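Peer 1: Data file protein.cif (mmCIF, N, CA and C atoms) is appended below.
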data_input
#
loop_
_atom_site.group_PDB
_atom_site.id
_atom_site.type_symbol
_atom_site.label_atom_id
_atom_site.label_comp_id
_atom_site.auth_asym_id
_atom_site.auth_seq_id
_atom_site.Cartn_x
_atom_site.Cartn_y
_atom_site.Cartn_z
ATOM 1 N N MET A 29 92.186 76.685 167.675
ATOM 2 C CA MET A 29 93.121 76.019 166.809
ATOM 3 C C MET A 29 92.411 75.415 165.599
ATOM 4 N N VAL A 30 91.236 74.946 165.807
ATOM 5 C CA VAL A 30 90.475 74.347 164.737
ATOM 6 C C VAL A 30 90.084 75.410 163.709
ATOM 7 N N THR A 31 89.763 76.605 164.171
ATOM 8 C CA THR A 31 89.376 77.664 163.253
ATOM 9 C C THR A 31 90.544 78.098 162.386
ATOM 10 N N HIS A 32 91.756 78.086 162.939
ATOM 11 C CA HIS A 32 92.919 78.453 162.136
ATOM 12 C C HIS A 32 93.184 77.414 161.051
ATOM 13 N N ARG A 33 92.994 76.171 161.390
ATOM 14 C CA ARG A 33 93.203 75.102 160.411
ATOM 15 C C ARG A 33 92.167 75.201 159.296
ATOM 16 N N ARG A 34 90.921 75.425 159.689
ATOM 17 C CA ARG A 34 89.861 75.529 158.692
ATOM 18 C C ARG A 34 90.095 76.761 157.789
ATOM 19 N N ARG A 35 90.495 77.882 158.393
ATOM 20 C CA ARG A 35 90.782 79.083 157.632
ATOM 21 C C ARG A 35 91.942 78.825 156.667
ATOM 22 N N ARG A 36 92.958 78.149 157.128
ATOM 23 C CA ARG A 36 94.103 77.852 156.278
ATOM 24 C C ARG A 36 93.715 76.929 155.124
ATOM 25 N N VAL A 37 92.875 75.955 155.348
ATOM 26 C CA VAL A 37 92.417 75.056 154.295
ATOM 27 C C VAL A 37 91.602 75.831 153.273
ATOM 28 N N ILE A 38 90.729 76.703 153.729
ATOM 29 C CA ILE A 38 89.907 77.498 152.821
ATOM 30 C C ILE A 38 90.781 78.445 152.010
ATOM 31 N N LEU A 39 91.713 79.118 152.669
ATOM 32 C CA LEU A 39 92.597 80.042 151.957
ATOM 33 C C LEU A 39 93.511 79.303 150.982
ATOM 34 N N THR A 40 93.976 78.132 151.357
ATOM 35 C CA THR A 40 94.821 77.341 150.459
ATOM 36 C C THR A 40 94.028 76.908 149.234
ATOM 37 N N ALA A 41 92.828 76.419 149.437
ATOM 38 C CA ALA A 41 91.987 76.006 148.305
ATOM 39 C C ALA A 41 91.654 77.205 147.426
ATOM 40 N N LEU A 42 91.308 78.331 148.042
ATOM 41 C CA LEU A 42 90.997 79.539 147.288
ATOM 42 C C LEU A 42 92.231 80.024 146.510
ATOM 43 N N GLY A 43 93.393 79.966 147.120
ATOM 44 C CA GLY A 43 94.639 80.355 146.445
ATOM 45 C C GLY A 43 94.954 79.442 145.271
ATOM 46 N N LEU A 44 94.761 78.142 145.446
ATOM 47 C CA LEU A 44 95.028 77.199 144.357
ATOM 48 C C LEU A 44 94.046 77.404 143.194
ATOM 49 N N TYR A 45 92.775 77.625 143.515
ATOM 50 C CA TYR A 45 91.804 77.878 142.453
ATOM 51 C C TYR A 45 92.113 79.183 141.723
ATOM 52 N N THR A 46 92.488 80.190 142.479
ATOM 53 C CA THR A 46 92.849 81.469 141.864
ATOM 54 C C THR A 46 94.064 81.307 140.962
ATOM 55 N N PHE A 47 95.076 80.601 141.455
ATOM 56 C CA PHE A 47 96.279 80.357 140.660
ATOM 57 C C PHE A 47 95.945 79.565 139.393
ATOM 58 N N ALA A 48 95.124 78.539 139.529
ATOM 59 C CA ALA A 48 94.738 77.731 138.369
ATOM 60 C C ALA A 48 93.950 78.577 137.367
ATOM 61 N N ALA A 49 93.047 79.435 137.847
ATOM 62 C CA ALA A 49 92.273 80.285 136.947
ATOM 63 C C ALA A 49 93.179 81.278 136.226
ATOM 64 N N LEU A 50 94.123 81.872 136.950
ATOM 65 C CA LEU A 50 95.067 82.800 136.322
ATOM 66 C C LEU A 50 95.947 82.081 135.308
ATOM 67 N N PHE A 51 96.366 80.877 135.631
ATOM 68 C CA PHE A 51 97.213 80.083 134.743
ATOM 69 C C PHE A 51 96.475 79.756 133.442
ATOM 70 N N VAL A 52 95.247 79.288 133.566
ATOM 71 C CA VAL A 52 94.441 78.963 132.393
ATOM 72 C C VAL A 52 94.103 80.237 131.616
ATOM 73 N N GLY A 53 93.804 81.316 132.310
ATOM 74 C CA GLY A 53 93.502 82.588 131.660
ATOM 75 C C GLY A 53 94.695 83.131 130.888
ATOM 76 N N TYR A 54 95.884 83.003 131.449
ATOM 77 C CA TYR A 54 97.100 83.463 130.766
ATOM 78 C C TYR A 54 97.277 82.734 129.436
ATOM 79 N N PHE A 55 97.154 81.410 129.475
ATOM 80 C CA PHE A 55 97.319 80.647 128.243
ATOM 81 C C PHE A 55 96.154 80.881 127.274
ATOM 82 N N GLY A 56 94.973 81.130 127.795
ATOM 83 C CA GLY A 56 93.834 81.440 126.928
ATOM 84 C C GLY A 56 94.026 82.765 126.202
ATOM 85 N N VAL A 57 94.494 83.774 126.915
ATOM 86 C CA VAL A 57 94.738 85.076 126.283
ATOM 87 C C VAL A 57 95.850 84.958 125.251
ATOM 88 N N ASN A 58 96.907 84.238 125.567
ATOM 89 C CA ASN A 58 98.005 84.074 124.613
ATOM 90 C C ASN A 58 97.599 83.234 123.406
ATOM 91 N N ALA A 59 96.688 82.309 123.597
ATOM 92 C CA ALA A 59 96.214 81.510 122.456
ATOM 93 C C ALA A 59 95.436 82.384 121.483
ATOM 94 N N PHE A 60 94.833 83.438 121.977
ATOM 95 C CA PHE A 60 94.053 84.305 121.101
ATOM 96 C C PHE A 60 94.887 85.457 120.533
ATOM 97 N N THR A 61 95.684 86.107 121.375
ATOM 98 C CA THR A 61 96.382 87.319 120.946
ATOM 99 C C THR A 61 97.888 87.167 120.838
ATOM 100 N N GLY A 62 98.439 86.042 121.152
ATOM 101 C CA GLY A 62 99.890 85.888 121.152
ATOM 102 C C GLY A 62 100.501 85.886 119.764
ATOM 103 N N ALA A 63 101.822 85.737 119.712
ATOM 104 C CA ALA A 63 102.551 85.770 118.443
ATOM 105 C C ALA A 63 102.153 84.617 117.526
ATOM 106 N N HIS A 64 101.677 83.535 118.078
ATOM 107 C CA HIS A 64 101.251 82.385 117.280
ATOM 108 C C HIS A 64 99.772 82.085 117.519
ATOM 109 N N GLY A 65 99.026 83.083 117.940
ATOM 110 C CA GLY A 65 97.622 82.901 118.281
ATOM 111 C C GLY A 65 96.697 82.999 117.094
ATOM 112 N N LEU A 66 95.409 83.051 117.399
ATOM 113 C CA LEU A 66 94.379 83.074 116.361
ATOM 114 C C LEU A 66 94.415 84.370 115.562
ATOM 115 N N ARG A 67 94.638 85.490 116.211
ATOM 116 C CA ARG A 67 94.729 86.764 115.493
ATOM 117 C C ARG A 67 95.936 86.787 114.583
ATOM 118 N N ALA A 68 97.051 86.284 115.069
ATOM 119 C CA ALA A 68 98.258 86.245 114.242
ATOM 120 C C ALA A 68 98.040 85.352 113.028
ATOM 121 N N GLN A 69 97.319 84.268 113.195
ATOM 122 C CA GLN A 69 97.029 83.382 112.075
ATOM 123 C C GLN A 69 96.153 84.086 111.041
ATOM 124 N N ALA A 70 95.180 84.846 111.495
ATOM 125 C CA ALA A 70 94.323 85.596 110.570
ATOM 126 C C ALA A 70 95.134 86.645 109.814
ATOM 127 N N ASP A 71 96.042 87.330 110.509
ATOM 128 C CA ASP A 71 96.902 88.314 109.853
ATOM 129 C C ASP A 71 97.810 87.650 108.826
ATOM 130 N N LEU A 72 98.327 86.486 109.163
ATOM 131 C CA LEU A 72 99.172 85.750 108.223
ATOM 132 C C LEU A 72 98.383 85.296 107.001
ATOM 133 N N ASP A 73 97.129 84.913 107.203
ATOM 134 C CA ASP A 73 96.279 84.514 106.069
ATOM 135 C C ASP A 73 96.038 85.694 105.126
ATOM 136 N N LYS A 74 95.787 86.891 105.696
ATOM 137 C CA LYS A 74 95.600 88.077 104.871
ATOM 138 C C LYS A 74 96.874 88.411 104.101
ATOM 139 N N GLN A 75 97.992 88.338 104.791
ATOM 140 C CA GLN A 75 99.274 88.632 104.150
ATOM 141 C C GLN A 75 99.562 87.618 103.045
ATOM 142 N N MET A 76 99.231 86.363 103.279
ATOM 143 C CA MET A 76 99.448 85.322 102.283
ATOM 144 C C MET A 76 98.600 85.568 101.039
ATOM 145 N N ALA A 77 97.359 85.984 101.230
ATOM 146 C CA ALA A 77 96.479 86.270 100.093
ATOM 147 C C ALA A 77 97.021 87.436 99.267
ATOM 148 N N SER A 78 97.482 88.490 99.933
ATOM 149 C CA SER A 78 98.018 89.634 99.182
ATOM 150 C C SER A 78 99.307 89.257 98.468
ATOM 151 N N MET A 79 100.107 88.421 99.077
ATOM 152 C CA MET A 79 101.347 87.989 98.434
ATOM 153 C C MET A 79 101.068 87.062 97.254
ATOM 154 N N ASP A 80 99.996 86.271 97.339
ATOM 155 C CA ASP A 80 99.628 85.413 96.209
ATOM 156 C C ASP A 80 99.213 86.240 94.998
ATOM 157 N N THR A 81 98.442 87.301 95.233
ATOM 158 C CA THR A 81 98.050 88.158 94.114
ATOM 159 C C THR A 81 99.265 88.877 93.535
ATOM 160 N N GLU A 82 100.173 89.318 94.406
ATOM 161 C CA GLU A 82 101.392 89.970 93.924
ATOM 162 C C GLU A 82 102.251 88.993 93.128
ATOM 163 N N LEU A 83 102.309 87.754 93.579
ATOM 164 C CA LEU A 83 103.077 86.729 92.856
ATOM 165 C C LEU A 83 102.484 86.481 91.477
ATOM 166 N N ALA A 84 101.168 86.426 91.383
ATOM 167 C CA ALA A 84 100.526 86.225 90.078
ATOM 168 C C ALA A 84 100.834 87.384 89.130
ATOM 169 N N GLN A 85 100.804 88.610 89.653
ATOM 170 C CA GLN A 85 101.136 89.774 88.825
ATOM 171 C C GLN A 85 102.590 89.721 88.362
ATOM 172 N N LEU A 86 103.483 89.358 89.271
ATOM 173 C CA LEU A 86 104.901 89.295 88.918
ATOM 174 C C LEU A 86 105.186 88.185 87.918
ATOM 175 N N LYS A 87 104.478 87.066 88.036
ATOM 176 C CA LYS A 87 104.661 85.981 87.067
ATOM 177 C C LYS A 87 104.193 86.419 85.681
ATOM 178 N N ALA A 88 103.085 87.150 85.624
ATOM 179 C CA ALA A 88 102.592 87.637 84.337
ATOM 180 C C ALA A 88 103.580 88.628 83.731
ATOM 181 N N GLU A 89 104.107 89.519 84.562
ATOM 182 C CA GLU A 89 105.094 90.482 84.072
ATOM 183 C C GLU A 89 106.359 89.779 83.592
ATOM 184 N N ARG A 90 106.765 88.764 84.323
ATOM 185 C CA ARG A 90 107.963 88.009 83.932
ATOM 186 C C ARG A 90 107.748 87.299 82.602
ATOM 187 N N ALA A 91 106.551 86.759 82.396
ATOM 188 C CA ALA A 91 106.247 86.092 81.124
ATOM 189 C C ALA A 91 106.327 87.081 79.966
ATOM 190 N N VAL A 92 105.834 88.306 80.184
ATOM 191 C CA VAL A 92 105.910 89.328 79.136
ATOM 192 C C VAL A 92 107.366 89.641 78.814
ATOM 193 N N TRP A 93 108.173 89.814 79.859
ATOM 194 C CA TRP A 93 109.592 90.139 79.626
ATOM 195 C C TRP A 93 110.333 88.971 78.981
ATOM 196 N N GLN A 94 110.006 87.752 79.360
ATOM 197 C CA GLN A 94 110.665 86.598 78.732
ATOM 198 C C GLN A 94 110.322 86.524 77.255
ATOM 199 N N ARG A 95 109.077 86.827 76.905
ATOM 200 C CA ARG A 95 108.690 86.834 75.505
ATOM 201 C C ARG A 95 109.451 87.915 74.743
ATOM 202 N N ARG A 96 109.570 89.097 75.340
ATOM 203 C CA ARG A 96 110.285 90.184 74.668
ATOM 204 C C ARG A 96 111.774 89.869 74.531
ATOM 205 N N VAL A 97 112.365 89.266 75.552
ATOM 206 C CA VAL A 97 113.786 88.912 75.486
ATOM 207 C C VAL A 97 114.017 87.825 74.446
ATOM 208 N N SER A 98 113.076 86.884 74.343
ATOM 209 C CA SER A 98 113.243 85.821 73.347
ATOM 210 C C SER A 98 113.233 86.391 71.933
ATOM 211 N N LEU A 99 112.554 87.522 71.728
ATOM 212 C CA LEU A 99 112.550 88.151 70.413
ATOM 213 C C LEU A 99 113.882 88.835 70.098
ATOM 214 N N LEU A 100 114.685 89.117 71.102
ATOM 215 C CA LEU A 100 115.965 89.796 70.909
ATOM 216 C C LEU A 100 117.154 88.834 70.872
ATOM 217 N N ARG A 101 116.929 87.562 70.942
ATOM 218 C CA ARG A 101 118.045 86.599 70.902
ATOM 219 C C ARG A 101 118.744 86.662 69.555
ATOM 220 N N ALA A 102 120.043 86.377 69.567
ATOM 221 C CA ALA A 102 120.863 86.532 68.366
ATOM 222 C C ALA A 102 120.431 85.590 67.246
ATOM 223 N N ASN A 103 119.980 84.396 67.565
ATOM 224 C CA ASN A 103 119.625 83.443 66.517
ATOM 225 C C ASN A 103 118.225 83.670 65.951
ATOM 226 N N GLN A 104 117.417 84.526 66.567
ATOM 227 C CA GLN A 104 116.055 84.741 66.070
ATOM 228 C C GLN A 104 115.594 86.176 66.337
ATOM 229 N N ILE A 105 116.337 87.155 65.861
ATOM 230 C CA ILE A 105 115.982 88.552 66.099
ATOM 231 C C ILE A 105 114.766 88.931 65.260
ATOM 232 N N ASP A 106 113.809 89.509 65.911
ATOM 233 C CA ASP A 106 112.621 90.024 65.237
ATOM 234 C C ASP A 106 112.954 91.418 64.709
ATOM 235 N N PRO A 107 112.791 91.669 63.442
ATOM 236 C CA PRO A 107 113.166 92.977 62.879
ATOM 237 C C PRO A 107 112.393 94.144 63.500
ATOM 238 N N ASP A 108 111.132 93.943 63.816
ATOM 239 C CA ASP A 108 110.362 95.021 64.433
ATOM 240 C C ASP A 108 110.882 95.360 65.819
ATOM 241 N N MET A 109 111.235 94.323 66.579
ATOM 242 C CA MET A 109 111.760 94.548 67.925
ATOM 243 C C MET A 109 113.120 95.241 67.853
ATOM 244 N N LEU A 110 113.957 94.835 66.906
ATOM 245 C CA LEU A 110 115.263 95.466 66.733
ATOM 246 C C LEU A 110 115.099 96.937 66.359
ATOM 247 N N ASP A 111 114.174 97.213 65.452
ATOM 248 C CA ASP A 111 113.923 98.586 65.041
ATOM 249 C C ASP A 111 113.411 99.422 66.216
ATOM 250 N N GLU A 112 112.507 98.859 66.988
ATOM 251 C CA GLU A 112 111.954 99.576 68.143
ATOM 252 C C GLU A 112 113.034 99.909 69.160
ATOM 253 N N ARG A 113 113.878 98.942 69.472
ATOM 254 C CA ARG A 113 114.930 99.165 70.462
ATOM 255 C C ARG A 113 115.975 100.155 69.948
ATOM 256 N N ALA A 114 116.331 100.058 68.673
ATOM 257 C CA ALA A 114 117.324 100.981 68.126
ATOM 258 C C ALA A 114 116.795 102.407 68.156
ATOM 259 N N ARG A 115 115.543 102.604 67.806
ATOM 260 C CA ARG A 115 114.964 103.943 67.828
ATOM 261 C C ARG A 115 114.875 104.481 69.256
ATOM 262 N N ALA A 116 114.516 103.602 70.204
ATOM 263 C CA ALA A 116 114.399 104.049 71.588
ATOM 264 C C ALA A 116 115.759 104.442 72.147
ATOM 265 N N LEU A 117 116.782 103.664 71.843
ATOM 266 C CA LEU A 117 118.112 103.959 72.378
ATOM 267 C C LEU A 117 118.766 105.146 71.691
ATOM 268 N N LEU A 118 118.590 105.293 70.390
ATOM 269 C CA LEU A 118 119.248 106.358 69.647
ATOM 270 C C LEU A 118 118.406 107.624 69.547
ATOM 271 N N GLY A 119 117.115 107.503 69.763
ATOM 272 C CA GLY A 119 116.243 108.659 69.710
ATOM 273 C C GLY A 119 115.917 109.102 68.290
ATOM 274 N N TYR A 120 115.959 108.197 67.338
ATOM 275 C CA TYR A 120 115.673 108.532 65.937
ATOM 276 C C TYR A 120 114.233 108.233 65.589
ATOM 277 N N VAL A 121 113.769 108.930 64.529
ATOM 278 C CA VAL A 121 112.430 108.705 63.999
ATOM 279 C C VAL A 121 112.565 108.484 62.508
ATOM 280 N N ASP A 122 111.851 107.529 61.990
ATOM 281 C CA ASP A 122 111.849 107.252 60.561
ATOM 282 C C ASP A 122 111.029 108.339 59.847
ATOM 283 N N PRO A 123 111.490 108.814 58.705
ATOM 284 C CA PRO A 123 110.732 109.856 57.998
ATOM 285 C C PRO A 123 109.314 109.415 57.614
ATOM 286 N N ARG A 124 109.072 108.142 57.515
ATOM 287 C CA ARG A 124 107.744 107.645 57.150
ATOM 288 C C ARG A 124 106.811 107.533 58.351
ATOM 289 N N ASP A 125 107.343 107.750 59.563
ATOM 290 C CA ASP A 125 106.519 107.648 60.771
ATOM 291 C C ASP A 125 105.617 108.859 60.910
ATOM 292 N N VAL A 126 104.468 108.647 61.496
ATOM 293 C CA VAL A 126 103.550 109.737 61.812
ATOM 294 C C VAL A 126 103.836 110.149 63.245
ATOM 295 N N THR A 127 104.162 111.420 63.418
ATOM 296 C CA THR A 127 104.481 111.926 64.749
ATOM 297 C C THR A 127 103.347 112.815 65.237
ATOM 298 N N LEU A 128 102.860 112.530 66.423
ATOM 299 C CA LEU A 128 101.793 113.318 67.012
ATOM 300 C C LEU A 128 102.366 114.095 68.183
ATOM 301 N N ILE A 129 102.136 115.391 68.181
ATOM 302 C CA ILE A 129 102.575 116.220 69.300
ATOM 303 C C ILE A 129 101.345 116.508 70.154
ATOM 304 N N VAL A 130 101.404 116.088 71.387
ATOM 305 C CA VAL A 130 100.265 116.229 72.282
ATOM 306 C C VAL A 130 100.622 117.277 73.335
ATOM 307 N N GLN A 131 99.756 118.236 73.518
ATOM 308 C CA GLN A 131 99.971 119.267 74.527
ATOM 309 C C GLN A 131 99.599 118.692 75.900
ATOM 310 N N PRO A 132 100.480 118.856 76.889
ATOM 311 C CA PRO A 132 100.121 118.383 78.251
ATOM 312 C C PRO A 132 99.010 119.247 78.834
ATOM 313 N N ARG A 133 98.149 118.631 79.576
ATOM 314 C CA ARG A 133 97.013 119.355 80.173
ATOM 315 C C ARG A 133 97.339 119.857 81.537
#
As structure tokens - that is how I would like this structure written.
Peer 2:
Amino acid sequence: MVTHRRRRVILTALGLYTFAALFVGYFGVNAFTGAHGLRAQADLDKQMASMDTELAQLKAERAVWQRRVSLLRANQIDPDMLDERARALLGYVDPRDVTLIVQPR
């Protein structure tokens, strides 16, 4: 009877240690590879850096377009911009323009 009790105590302690190790291991693995883990944070940092560069490019492009649109406002039309847009939309060329015909390669 004593041997069964001792065996049960040893198996219970071994089972509890095993369970505790598995429990800690589960949370350790999820802390590293989970959806909010260290790897996910590194991926988010990379994505954030690429989005920051894209944002800077888009802001620069937007500034260019805002400058061009400001030249087309009714109260301050730039004659060169008006001429450029009219020629582009109508497909006309001024007789004084130099036209270069380039052969595609």
Peer 1: So how many Å separate atom CA of A:Ser98 and atom CA of A:Arg124, to one decimal?
Peer 2: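 Computing it gives 27.7 Å between the two atoms.
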Peer 1: List every residue of stretch 31-121 of chain A that DSSP, applied to the backbone of this structure, places in alpha helix (DSSP H), and write the result as number ranges by chain.
Peer 2: A: 31-61, 66-99, 107-118
Peer 1: Around stretch 58-71 of chain A, fit a box with edges along x, y and z, padding it by 6 Å on each side, then list its centre and edge lengths in Å to one decimal as AutoDock Vina command-line options.
Peer 2:
--center_x 98.3 --center_y 84.9 --center_z 117.2 --size_x 20.5 --size_y 18.8 --size_z 28.7
